[in-house]
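> If you scroll down you'll find the structure; I have some questions about it.
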Amino acid sequence: MQAMSQVPSRAAAGFASAFGADPAGLWAAPGRVNLIGEHTDYNDGFVLPFALPHRVVVAAAAVPTPRWRVWSEQTGETVEFGAAEADEPGRVEGWAGYVAGVVWTLRSKGYEVPGADLAVASDVPAGAGLSSSAALESAVLTALADLGGLALPVEDRPGLAQRAENDYVGMPCGIMDQSASIRAEAGHALFLDCRSLAIEQIPFDVAASGLAVLVVDTQAPHRHAGGEYASRRRACEEAAALLGVPALRDVSDLDAALEKLTDDVMRRRVRHVVTENQRVLDTVDLLRAGRVREIGPLLTASHASMRDDFEITVPEVDLAVSTALAAGAYGARMTGGGFGGCVLALIDATETDRVAAAVAAAYAERGFTAPVWFAARPGPGAERIE
Ligand code: GAF
């Protein structure tokens, strides 16, 4: 917790040393874990993420000309770009591309984006499937909107940040991560209909039920994650076209749909998406009724579906899930896009250390890199913090 509270001062100090002045303000946006609903967002389906207390913090000040300088604590470098680079998708590469992408998406929608100096610090683990890039986009978007006094309704912001990632950076993600980072509320999970973009804040105070969400960062290297993600998305879109529906969200009779498809891989992809959507709805029903423990089997079924039907898990992830379950978790699943990343387990709060130790021991036995873990509580969405 202590390290987290230092992120704002690190961003402010980085701003002062990179730009020789004080920032006009500090803005923060969180990473997320997804409780359930994986690879459903780009199928117009349902998701239920919550915001982590881990955040990207941006210290920023407007400048009078259309140019942007961005310092990153992680790399220690300052990247500068102007309107020409911002207006050409892909031109700014690497981490600064997410910042340029936000400038691009706003400018291309006709917003008067102020030039700015920005310093970025973060305690969202990078490359762990906890949406550090969505947090960066969301923090920058929130900062630029405030600095420029842009009339930017909150419900439009996730789509703008997603567009930065899809069309500037070139990652075909759905809208879940940016929605979680921008629209989540502390103490709640965000139930999002990815077609209508309607949201409902679902109370998710695990501690009040004597429970904890243990997040295990498996440290598994991401294996071809980008290409595999894009190929899963393509398979879903092809299946929807074959089935004659706008998106897999619209499959109402799973058995009939599976009969129409001849390709076994495609059938399993469809089965994952359709059953996962239903699991999100069932989880929301249980949480609305305050039956938190009972969501466990849905989490575990979600994992089996990702492992067997969507085929996006890796041995480290499967081992963390099976070990947590054997150690008494009510449910456990991989969270995020897959091919590495994090696992979450719903456990009794008193059991956190014991379950984490069991996973660490299982990893040691298999010769896997030691995992990192923390207990996650739903934090707030993007906001100005100073
Ligand atoms: C990644 C993507 F960015 C999200 O849009 C979502 O598809 C997720 O993988 C899988 O549920 O985080």
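Chain labels follow the order of the structure tokens: the first chain is A, the next B, and so on; residue numbering restarts at 1 in every chain, and ligands are counted from 1 in their shown order.
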Please build the interface table for range 282-353 of chain A against range 193-217 of chain A with a cut-off of 10 Å, listing for each qualifying residue the nearest atom pair and the distance in Å to one decimal; count only C-alpha atoms, order rows by chain and increasing number, and write it as CSV.

```
residue,atom,partner,partner_atom,distance
A:Val284,CA,A:Ile202,CA,7.4
A:Asp285,CA,A:Ile202,CA,9.7
A:Leu287,CA,A:Ile202,CA,7.1
A:Arg288,CA,A:Ile202,CA,6.8
A:Gly290,CA,A:Pro203,CA,8.6
A:Arg291,CA,A:Ser209,CA,9.1
A:Val292,CA,A:Ser209,CA,7.4
A:Arg293,CA,A:Leu211,CA,8.0
A:Glu316,CA,A:Asp217,CA,9.8
A:Val317,CA,A:Asp217,CA,8.9
A:Ala320,CA,A:Val216,CA,7.5
A:Val321,CA,A:Val216,CA,9.3
A:Ala324,CA,A:Leu214,CA,9.3
A:Ala329,CA,A:Leu214,CA,9.4
A:Tyr330,CA,A:Leu211,CA,9.7
A:Gly331,CA,A:Val213,CA,9.9
A:Ala332,CA,A:Leu214,CA,9.1
A:Arg333,CA,A:Val215,CA,9.9
A:Met334,CA,A:Val216,CA,9.2
A:Thr335,CA,A:Val215,CA,9.0
A:Gly340,CA,A:Asp217,CA,8.7
A:Gly341,CA,A:Asp217,CA,6.0
A:Cys342,CA,A:Asp217,CA,4.4
A:Val343,CA,A:Val216,CA,5.1
A:Leu344,CA,A:Val215,CA,4.5
A:Ala345,CA,A:Leu214,CA,5.1
A:Leu346,CA,A:Val213,CA,4.8
A:Ile347,CA,A:Ala212,CA,5.5
A:Asp348,CA,A:Leu211,CA,4.4
A:Ala349,CA,A:Leu211,CA,4.4
A:Thr350,CA,A:Gly210,CA,7.9
A:Glu351,CA,A:Ala212,CA,8.6
A:Thr352,CA,A:Leu214,CA,6.7
A:Asp353,CA,A:Leu214,CA,9.4
```
> Put those residues in a file: C-alpha atoms, as an mmCIF file, in the first residue's frame.

```cif
data_model
loop_
_atom_site.group_PDB
_atom_site.id
_atom_site.type_symbol
_atom_site.label_atom_id
_atom_site.label_comp_id
_atom_site.auth_asym_id
_atom_site.auth_seq_id
_atom_site.Cartn_x
_atom_site.Cartn_y
_atom_site.Cartn_z
ATOM 1 C CA VAL A 284 -24.551 -10.473 -11.475
ATOM 2 C CA ASP A 285 -27.781 -12.079 -10.232
ATOM 3 C CA LEU A 287 -24.102 -10.564 -6.392
ATOM 4 C CA ARG A 288 -27.307 -8.528 -6.503
ATOM 5 C CA GLY A 290 -25.637 -10.736 -1.813
ATOM 6 C CA ARG A 291 -24.688 -14.399 -2.414
ATOM 7 C CA VAL A 292 -21.014 -13.666 -3.034
ATOM 8 C CA ARG A 293 -19.552 -17.092 -2.176
ATOM 9 C CA GLU A 316 1.341 -21.467 -15.265
ATOM 10 C CA VAL A 317 -2.197 -20.081 -15.293
ATOM 11 C CA ALA A 320 -2.410 -21.367 -10.223
ATOM 12 C CA VAL A 321 -6.127 -22.053 -10.687
ATOM 13 C CA ALA A 324 -5.973 -22.321 -5.460
ATOM 14 C CA ALA A 329 -10.816 -21.328 -3.033
ATOM 15 C CA TYR A 330 -14.548 -20.996 -3.761
ATOM 16 C CA GLY A 331 -13.664 -20.359 -7.387
ATOM 17 C CA ALA A 332 -10.702 -19.330 -9.518
ATOM 18 C CA ARG A 333 -10.055 -18.240 -13.056
ATOM 19 C CA MET A 334 -7.618 -16.513 -15.340
ATOM 20 C CA THR A 335 -8.470 -12.832 -15.778
ATOM 21 C CA GLY A 340 -0.141 -15.549 -19.392
ATOM 22 C CA GLY A 341 -1.112 -12.771 -17.021
ATOM 23 C CA CYS A 342 -3.087 -13.071 -13.803
ATOM 24 C CA VAL A 343 -5.380 -15.489 -12.040
ATOM 25 C CA LEU A 344 -7.978 -14.479 -9.475
ATOM 26 C CA ALA A 345 -9.301 -16.674 -6.690
ATOM 27 C CA LEU A 346 -12.246 -16.035 -4.385
ATOM 28 C CA ILE A 347 -11.194 -17.168 -0.930
ATOM 29 C CA ASP A 348 -11.874 -16.640 2.754
ATOM 30 C CA ALA A 349 -10.013 -13.482 3.763
ATOM 31 C CA THR A 350 -8.212 -15.336 6.517
ATOM 32 C CA GLU A 351 -6.791 -17.805 3.983
ATOM 33 C CA THR A 352 -4.962 -15.323 1.746
ATOM 34 C CA ASP A 353 -1.424 -16.126 2.845
#
```
> From a backbone DSSP assignment, name each residue in range 8-235 of chain A labelled strand (DSSP E), as a VMD selection string.
chain A and resid 25 to 34 46 to 47 49 to 63 67 to 72 78 to 82 115 to 122 188 to 193 199 to 203 211 to 217
> Kindly compile the residues surrounding ligand 1 within 9 Å, counting only C-alpha atoms and all ligand atoms, and format them as number ranges by chain.
A: 34, 36-43, 47, 129-131, 133-134, 162, 165, 171-178, 229, 233, 335-338
> Excluding range 137-141 of chain A and residues on its chain fewer than 5 positions from it, collect all residues at most 10 Å away from it, counting only C-alpha atoms, and give them as a ChimeraX atom specification.
/A:26-31,55-60,96-103,105-106,113,118-120,131-132,146-147,152,157-158,160-162,164-165,177-182,381-384
> From the DSSP assignment of the backbone, select every residue of range 185-356 of chain A that is helix (DSSP H, G or I), and format the answer as a compact mmCIF listing (two decimals) with N, CA, C and O atoms, in the first residue's frame.

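Done, and the output landed in part14.txt:
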```txt
# COMPACT_ATOMS: atom_id res chain seq x y z
N VAL A 206 -16.17 -7.48 -0.95
CA VAL A 206 -15.84 -8.85 -0.55
C VAL A 206 -15.48 -8.92 0.93
O VAL A 206 -15.82 -9.88 1.62
N ALA A 207 -14.81 -7.89 1.42
CA ALA A 207 -14.35 -7.92 2.82
C ALA A 207 -15.54 -8.04 3.77
O ALA A 207 -15.47 -8.75 4.79
N ALA A 208 -16.65 -7.39 3.44
CA ALA A 208 -17.84 -7.44 4.30
C ALA A 208 -18.38 -8.86 4.40
O ALA A 208 -19.06 -9.21 5.36
N SER A 209 -18.09 -9.69 3.41
CA SER A 209 -18.53 -11.09 3.45
C SER A 209 -17.43 -12.00 4.00
O SER A 209 -17.52 -13.22 3.87
N ALA A 225 0.72 -13.12 -27.57
CA ALA A 225 -0.61 -12.70 -27.12
C ALA A 225 -1.34 -11.87 -28.16
O ALA A 225 -2.53 -12.08 -28.42
N GLY A 226 -0.64 -10.91 -28.80
CA GLY A 226 -1.31 -10.01 -29.74
C GLY A 226 -1.93 -10.76 -30.91
O GLY A 226 -3.10 -10.59 -31.23
N GLY A 227 -1.13 -11.64 -31.55
CA GLY A 227 -1.61 -12.37 -32.72
C GLY A 227 -2.73 -13.33 -32.35
O GLY A 227 -3.72 -13.47 -33.08
N GLU A 228 -2.59 -13.99 -31.20
CA GLU A 228 -3.62 -14.95 -30.78
C GLU A 228 -4.93 -14.21 -30.45
O GLU A 228 -6.02 -14.70 -30.75
N TYR A 229 -4.79 -13.04 -29.81
CA TYR A 229 -5.99 -12.26 -29.49
C TYR A 229 -6.74 -11.91 -30.77
O TYR A 229 -7.95 -12.11 -30.89
N ALA A 230 -5.98 -11.39 -31.75
CA ALA A 230 -6.61 -10.98 -33.01
C ALA A 230 -7.24 -12.19 -33.71
O ALA A 230 -8.34 -12.07 -34.29
N SER A 231 -6.60 -13.36 -33.61
CA SER A 231 -7.17 -14.51 -34.31
C SER A 231 -8.44 -15.01 -33.61
O SER A 231 -9.38 -15.46 -34.25
N ARG A 232 -8.48 -14.90 -32.26
CA ARG A 232 -9.74 -15.26 -31.56
C ARG A 232 -10.86 -14.32 -31.98
O ARG A 232 -11.99 -14.73 -32.21
N ARG A 233 -10.52 -13.05 -32.08
CA ARG A 233 -11.55 -12.07 -32.44
C ARG A 233 -12.08 -12.36 -33.84
O ARG A 233 -13.29 -12.34 -34.09
N ARG A 234 -11.14 -12.64 -34.76
CA ARG A 234 -11.55 -12.95 -36.15
C ARG A 234 -12.44 -14.18 -36.20
O ARG A 234 -13.45 -14.20 -36.89
N ALA A 235 -12.09 -15.22 -35.45
CA ALA A 235 -12.89 -16.45 -35.47
C ALA A 235 -14.31 -16.15 -34.99
O ALA A 235 -15.29 -16.69 -35.54
N CYS A 236 -14.44 -15.32 -33.99
CA CYS A 236 -15.78 -14.97 -33.48
C CYS A 236 -16.58 -14.22 -34.54
O CYS A 236 -17.77 -14.48 -34.74
N GLU A 237 -15.91 -13.30 -35.22
CA GLU A 237 -16.62 -12.51 -36.23
C GLU A 237 -17.03 -13.39 -37.42
O GLU A 237 -18.13 -13.27 -37.95
N GLU A 238 -16.14 -14.32 -37.78
CA GLU A 238 -16.48 -15.24 -38.88
C GLU A 238 -17.65 -16.13 -38.48
O GLU A 238 -18.56 -16.38 -39.26
N ALA A 239 -17.63 -16.59 -37.24
CA ALA A 239 -18.72 -17.46 -36.77
C ALA A 239 -20.04 -16.70 -36.78
O ALA A 239 -21.07 -17.24 -37.22
N ALA A 240 -20.01 -15.47 -36.32
CA ALA A 240 -21.26 -14.67 -36.31
C ALA A 240 -21.78 -14.52 -37.74
O ALA A 240 -22.99 -14.65 -37.98
N ALA A 241 -20.85 -14.26 -38.68
CA ALA A 241 -21.29 -14.09 -40.08
C ALA A 241 -21.91 -15.39 -40.60
O ALA A 241 -22.97 -15.38 -41.23
N LEU A 242 -21.27 -16.54 -40.29
CA LEU A 242 -21.82 -17.82 -40.75
C LEU A 242 -23.19 -18.10 -40.14
O LEU A 242 -24.06 -18.71 -40.76
N LEU A 243 -23.36 -17.65 -38.91
CA LEU A 243 -24.63 -17.91 -38.21
C LEU A 243 -25.69 -16.87 -38.56
O LEU A 243 -26.84 -16.98 -38.14
N LEU A 248 -21.88 -12.58 -31.74
CA LEU A 248 -22.19 -13.83 -31.01
C LEU A 248 -23.11 -13.57 -29.82
O LEU A 248 -23.76 -14.50 -29.32
N ARG A 249 -23.19 -12.37 -29.35
CA ARG A 249 -24.15 -11.99 -28.32
C ARG A 249 -25.58 -12.39 -28.72
O ARG A 249 -26.44 -12.67 -27.88
N ASP A 250 -25.82 -12.42 -30.03
CA ASP A 250 -27.19 -12.66 -30.50
C ASP A 250 -27.53 -14.13 -30.66
O ASP A 250 -28.64 -14.46 -31.09
N LEU A 254 -27.88 -22.09 -28.39
CA LEU A 254 -26.50 -22.55 -28.58
C LEU A 254 -26.44 -23.86 -29.35
O LEU A 254 -25.65 -24.01 -30.28
N ASP A 255 -27.30 -24.81 -28.98
CA ASP A 255 -27.24 -26.12 -29.65
C ASP A 255 -27.50 -25.99 -31.14
O ASP A 255 -26.80 -26.59 -31.97
N ALA A 256 -28.49 -25.19 -31.49
CA ALA A 256 -28.81 -25.00 -32.91
C ALA A 256 -27.63 -24.35 -33.63
O ALA A 256 -27.28 -24.72 -34.75
N ALA A 257 -27.00 -23.38 -32.96
CA ALA A 257 -25.84 -22.69 -33.58
C ALA A 257 -24.71 -23.68 -33.79
O ALA A 257 -24.09 -23.70 -34.86
N LEU A 258 -24.46 -24.52 -32.80
CA LEU A 258 -23.35 -25.47 -32.91
C LEU A 258 -23.60 -26.48 -34.03
O LEU A 258 -22.69 -26.92 -34.71
N GLU A 259 -24.86 -26.82 -34.22
CA GLU A 259 -25.18 -27.76 -35.31
C GLU A 259 -24.91 -27.18 -36.68
O GLU A 259 -24.54 -27.88 -37.61
N LYS A 260 -25.09 -25.88 -36.77
CA LYS A 260 -24.88 -25.22 -38.08
C LYS A 260 -23.41 -25.12 -38.44
O LYS A 260 -23.07 -24.96 -39.61
N ASP A 264 -14.75 -27.67 -35.85
CA ASP A 264 -14.78 -27.95 -34.40
C ASP A 264 -14.18 -26.80 -33.59
O ASP A 264 -14.69 -26.46 -32.53
N VAL A 265 -13.08 -26.21 -34.08
CA VAL A 265 -12.46 -25.11 -33.34
C VAL A 265 -13.45 -23.94 -33.24
O VAL A 265 -13.67 -23.38 -32.16
N MET A 266 -14.08 -23.63 -34.34
CA MET A 266 -15.02 -22.51 -34.33
C MET A 266 -16.20 -22.80 -33.39
O MET A 266 -16.68 -21.92 -32.67
N ARG A 267 -16.64 -24.03 -33.38
CA ARG A 267 -17.75 -24.39 -32.48
C ARG A 267 -17.37 -24.14 -31.03
O ARG A 267 -18.14 -23.64 -30.22
N ARG A 268 -16.12 -24.51 -30.70
CA ARG A 268 -15.70 -24.31 -29.30
C ARG A 268 -15.54 -22.84 -28.97
O ARG A 268 -15.87 -22.39 -27.87
N ARG A 269 -15.08 -22.04 -29.92
CA ARG A 269 -14.98 -20.58 -29.68
C ARG A 269 -16.38 -20.00 -29.40
O ARG A 269 -16.56 -19.21 -28.48
N VAL A 270 -17.33 -20.44 -30.20
CA VAL A 270 -18.70 -19.94 -30.03
C VAL A 270 -19.25 -20.38 -28.67
O VAL A 270 -19.86 -19.59 -27.94
N ARG A 271 -19.00 -21.63 -28.34
CA ARG A 271 -19.53 -22.13 -27.06
C ARG A 271 -18.97 -21.34 -25.89
O ARG A 271 -19.66 -21.03 -24.93
N HIS A 272 -17.68 -21.01 -25.96
CA HIS A 272 -17.11 -20.19 -24.88
C HIS A 272 -17.86 -18.87 -24.75
O HIS A 272 -18.29 -18.49 -23.65
N VAL A 273 -18.00 -18.17 -25.85
CA VAL A 273 -18.56 -16.81 -25.77
C VAL A 273 -20.00 -16.86 -25.27
O VAL A 273 -20.40 -16.07 -24.39
N VAL A 274 -20.77 -17.80 -25.81
CA VAL A 274 -22.19 -17.84 -25.44
C VAL A 274 -22.36 -18.25 -23.97
O VAL A 274 -23.13 -17.64 -23.22
N THR A 275 -21.61 -19.26 -23.54
CA THR A 275 -21.75 -19.69 -22.14
C THR A 275 -21.16 -18.65 -21.19
O THR A 275 -21.66 -18.44 -20.09
N GLU A 276 -20.12 -17.96 -21.62
CA GLU A 276 -19.49 -16.95 -20.76
C GLU A 276 -20.44 -15.77 -20.53
O GLU A 276 -20.54 -15.24 -19.42
N ASN A 277 -21.14 -15.37 -21.58
CA ASN A 277 -22.12 -14.30 -21.39
C ASN A 277 -23.15 -14.69 -20.33
O ASN A 277 -23.51 -13.88 -19.47
N GLN A 278 -23.62 -15.93 -20.40
CA GLN A 278 -24.61 -16.38 -19.42
C GLN A 278 -24.01 -16.41 -18.01
O GLN A 278 -24.67 -16.06 -17.03
N ARG A 279 -22.74 -16.80 -17.92
CA ARG A 279 -22.10 -16.82 -16.59
C ARG A 279 -22.00 -15.41 -16.01
O ARG A 279 -22.13 -15.23 -14.80
N VAL A 280 -21.77 -14.42 -16.86
CA VAL A 280 -21.74 -13.03 -16.34
C VAL A 280 -23.11 -12.67 -15.77
O VAL A 280 -23.21 -12.15 -14.65
N LEU A 281 -24.15 -12.99 -16.53
CA LEU A 281 -25.50 -12.64 -16.06
C LEU A 281 -25.83 -13.37 -14.75
O LEU A 281 -26.40 -12.79 -13.82
N ASP A 282 -25.42 -14.63 -14.67
CA ASP A 282 -25.69 -15.40 -13.44
C ASP A 282 -24.89 -14.84 -12.26
O ASP A 282 -25.39 -14.80 -11.13
N THR A 283 -23.66 -14.43 -12.53
CA THR A 283 -22.83 -13.85 -11.46
C THR A 283 -23.47 -12.56 -10.94
O THR A 283 -23.55 -12.33 -9.73
N VAL A 284 -23.92 -11.74 -11.87
CA VAL A 284 -24.55 -10.47 -11.48
C VAL A 284 -25.79 -10.75 -10.62
O VAL A 284 -26.01 -10.10 -9.59
N ASP A 285 -26.58 -11.74 -11.02
CA ASP A 285 -27.78 -12.08 -10.23
C ASP A 285 -27.40 -12.47 -8.80
O ASP A 285 -28.02 -12.03 -7.84
N LEU A 286 -26.38 -13.30 -8.68
CA LEU A 286 -25.96 -13.74 -7.34
C LEU A 286 -25.44 -12.57 -6.52
O LEU A 286 -25.75 -12.43 -5.33
N LEU A 287 -24.65 -11.71 -7.14
CA LEU A 287 -24.10 -10.56 -6.39
C LEU A 287 -25.21 -9.60 -5.97
O LEU A 287 -25.19 -9.05 -4.87
N ARG A 288 -26.18 -9.41 -6.87
CA ARG A 288 -27.31 -8.53 -6.50
C ARG A 288 -28.02 -9.07 -5.28
O ARG A 288 -28.54 -8.33 -4.46
N ARG A 293 -20.29 -15.81 -2.10
CA ARG A 293 -19.55 -17.09 -2.18
C ARG A 293 -20.00 -17.95 -3.35
O ARG A 293 -19.22 -18.67 -3.96
N GLU A 294 -21.29 -17.86 -3.64
CA GLU A 294 -21.87 -18.76 -4.64
C GLU A 294 -21.43 -18.45 -6.07
O GLU A 294 -21.72 -19.22 -6.99
N ILE A 295 -20.72 -17.35 -6.26
CA ILE A 295 -20.24 -17.09 -7.63
C ILE A 295 -19.02 -17.97 -7.95
O ILE A 295 -18.61 -18.08 -9.10
N GLY A 296 -18.46 -18.60 -6.91
CA GLY A 296 -17.24 -19.39 -7.10
C GLY A 296 -17.31 -20.38 -8.25
O GLY A 296 -16.45 -20.37 -9.15
N PRO A 297 -18.34 -21.25 -8.29
CA PRO A 297 -18.38 -22.25 -9.38
C PRO A 297 -18.48 -21.60 -10.77
O PRO A 297 -17.98 -22.17 -11.75
N LEU A 298 -19.08 -20.42 -10.85
CA LEU A 298 -19.15 -19.74 -12.15
C LEU A 298 -17.76 -19.30 -12.59
O LEU A 298 -17.40 -19.38 -13.77
N LEU A 299 -16.97 -18.80 -11.62
CA LEU A 299 -15.60 -18.40 -11.95
C LEU A 299 -14.81 -19.61 -12.46
O LEU A 299 -14.09 -19.53 -13.46
N THR A 300 -14.96 -20.72 -11.77
CA THR A 300 -14.20 -21.92 -12.14
C THR A 300 -14.66 -22.45 -13.51
O THR A 300 -13.84 -22.88 -14.32
N ALA A 301 -15.96 -22.39 -13.74
CA ALA A 301 -16.47 -22.85 -15.05
C ALA A 301 -15.95 -21.93 -16.15
O ALA A 301 -15.64 -22.39 -17.27
N SER A 302 -15.84 -20.66 -15.86
CA SER A 302 -15.29 -19.70 -16.84
C SER A 302 -13.87 -20.09 -17.19
O SER A 302 -13.46 -20.07 -18.37
N HIS A 303 -13.11 -20.49 -16.17
CA HIS A 303 -11.73 -20.89 -16.45
C HIS A 303 -11.68 -22.13 -17.35
O HIS A 303 -10.91 -22.17 -18.33
N ALA A 304 -12.50 -23.11 -17.03
CA ALA A 304 -12.50 -24.34 -17.84
C ALA A 304 -12.85 -24.02 -19.29
O ALA A 304 -12.26 -24.57 -20.23
N SER A 305 -13.76 -23.10 -19.46
CA SER A 305 -14.18 -22.72 -20.81
C SER A 305 -13.05 -22.00 -21.56
O SER A 305 -12.82 -22.23 -22.75
N MET A 306 -12.30 -21.16 -20.85
CA MET A 306 -11.17 -20.47 -21.49
C MET A 306 -10.06 -21.46 -21.82
O MET A 306 -9.36 -21.33 -22.81
N ARG A 307 -9.91 -22.46 -20.95
CA ARG A 307 -8.84 -23.44 -21.14
C ARG A 307 -9.18 -24.41 -22.28
O ARG A 307 -8.38 -24.64 -23.17
N ASP A 308 -10.41 -24.93 -22.26
CA ASP A 308 -10.75 -26.02 -23.17
C ASP A 308 -11.37 -25.55 -24.48
O ASP A 308 -11.13 -26.13 -25.53
N PRO A 315 0.21 -23.20 -19.04
CA PRO A 315 0.39 -24.08 -17.88
C PRO A 315 0.50 -23.34 -16.55
O PRO A 315 -0.07 -23.78 -15.54
N GLU A 316 1.19 -22.21 -16.52
CA GLU A 316 1.34 -21.47 -15.27
C GLU A 316 -0.02 -21.02 -14.73
O GLU A 316 -0.30 -21.06 -13.53
N VAL A 317 -0.86 -20.57 -15.65
CA VAL A 317 -2.20 -20.08 -15.29
C VAL A 317 -3.06 -21.24 -14.78
O VAL A 317 -3.73 -21.14 -13.74
N ASP A 318 -3.03 -22.35 -15.51
CA ASP A 318 -3.84 -23.51 -15.10
C ASP A 318 -3.39 -24.04 -13.74
O ASP A 318 -4.22 -24.44 -12.91
N LEU A 319 -2.09 -24.00 -13.51
CA LEU A 319 -1.58 -24.51 -12.23
C LEU A 319 -2.01 -23.60 -11.07
O LEU A 319 -2.38 -24.09 -10.00
N ALA A 320 -1.97 -22.29 -11.28
CA ALA A 320 -2.41 -21.37 -10.22
C ALA A 320 -3.88 -21.60 -9.89
O ALA A 320 -4.28 -21.61 -8.72
N VAL A 321 -4.69 -21.83 -10.91
CA VAL A 321 -6.13 -22.05 -10.69
C VAL A 321 -6.34 -23.38 -9.95
O VAL A 321 -7.05 -23.43 -8.93
N SER A 322 -5.74 -24.45 -10.44
CA SER A 322 -6.01 -25.75 -9.81
C SER A 322 -5.47 -25.78 -8.39
O SER A 322 -6.09 -26.37 -7.49
N THR A 323 -4.33 -25.11 -8.15
CA THR A 323 -3.76 -25.12 -6.80
C THR A 323 -4.64 -24.30 -5.84
O THR A 323 -4.88 -24.71 -4.70
N ALA A 324 -5.10 -23.15 -6.32
CA ALA A 324 -5.97 -22.32 -5.46
C ALA A 324 -7.25 -23.09 -5.11
O ALA A 324 -7.71 -23.07 -3.95
N LEU A 325 -7.80 -23.80 -6.07
CA LEU A 325 -9.02 -24.57 -5.80
C LEU A 325 -8.74 -25.70 -4.81
O LEU A 325 -9.50 -25.92 -3.86
N ALA A 326 -7.61 -26.38 -5.02
CA ALA A 326 -7.26 -27.48 -4.10
C ALA A 326 -7.01 -26.94 -2.70
O ALA A 326 -7.22 -27.65 -1.70
N ALA A 349 -11.05 -14.51 3.57
CA ALA A 349 -10.01 -13.48 3.76
C ALA A 349 -8.88 -13.99 4.65
O ALA A 349 -7.72 -13.64 4.45
N THR A 350 -9.24 -14.84 5.60
CA THR A 350 -8.21 -15.34 6.52
C THR A 350 -7.23 -16.31 5.85
O THR A 350 -6.21 -16.66 6.43
N GLU A 351 -7.58 -16.76 4.65
CA GLU A 351 -6.79 -17.81 3.98
C GLU A 351 -5.82 -17.25 2.95
O GLU A 351 -5.16 -18.02 2.24
N THR A 352 -5.74 -15.93 2.84
CA THR A 352 -4.96 -15.32 1.75
C THR A 352 -3.52 -15.83 1.71
O THR A 352 -3.05 -16.31 0.67
N ASP A 353 -2.83 -15.73 2.83
CA ASP A 353 -1.42 -16.13 2.85
C ASP A 353 -1.26 -17.62 2.54
O ASP A 353 -0.35 -18.02 1.82
N ARG A 354 -2.18 -18.41 3.10
CA ARG A 354 -2.05 -19.86 2.92
C ARG A 354 -2.26 -20.25 1.46
O ARG A 354 -1.49 -21.05 0.91
N VAL A 355 -3.27 -19.69 0.82
CA VAL A 355 -3.53 -20.05 -0.59
C VAL A 355 -2.38 -19.55 -1.47
O VAL A 355 -1.89 -20.28 -2.36
N ALA A 356 -1.93 -18.33 -1.19
CA ALA A 356 -0.81 -17.79 -2.00
C ALA A 356 0.43 -18.66 -1.82
O ALA A 356 1.15 -18.95 -2.80
```
> Suppose you want the space between CA of Ala11 in chain A and CA of Gly159 in chain A; what is it in Å?
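Interatomic distance, CA of Ala11 in chain A to CA of Gly159 in chain A: 26.1 Å.
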> Rounded to one decimal in Å, what is the spacing between CA of Ala62 in chain A and CA of Ala184 in chain A?
26.8 Å
> Hey, can you check how far CA of Ala13 in chain A sits from CA of Glu73 in chain A?
10.0 Å
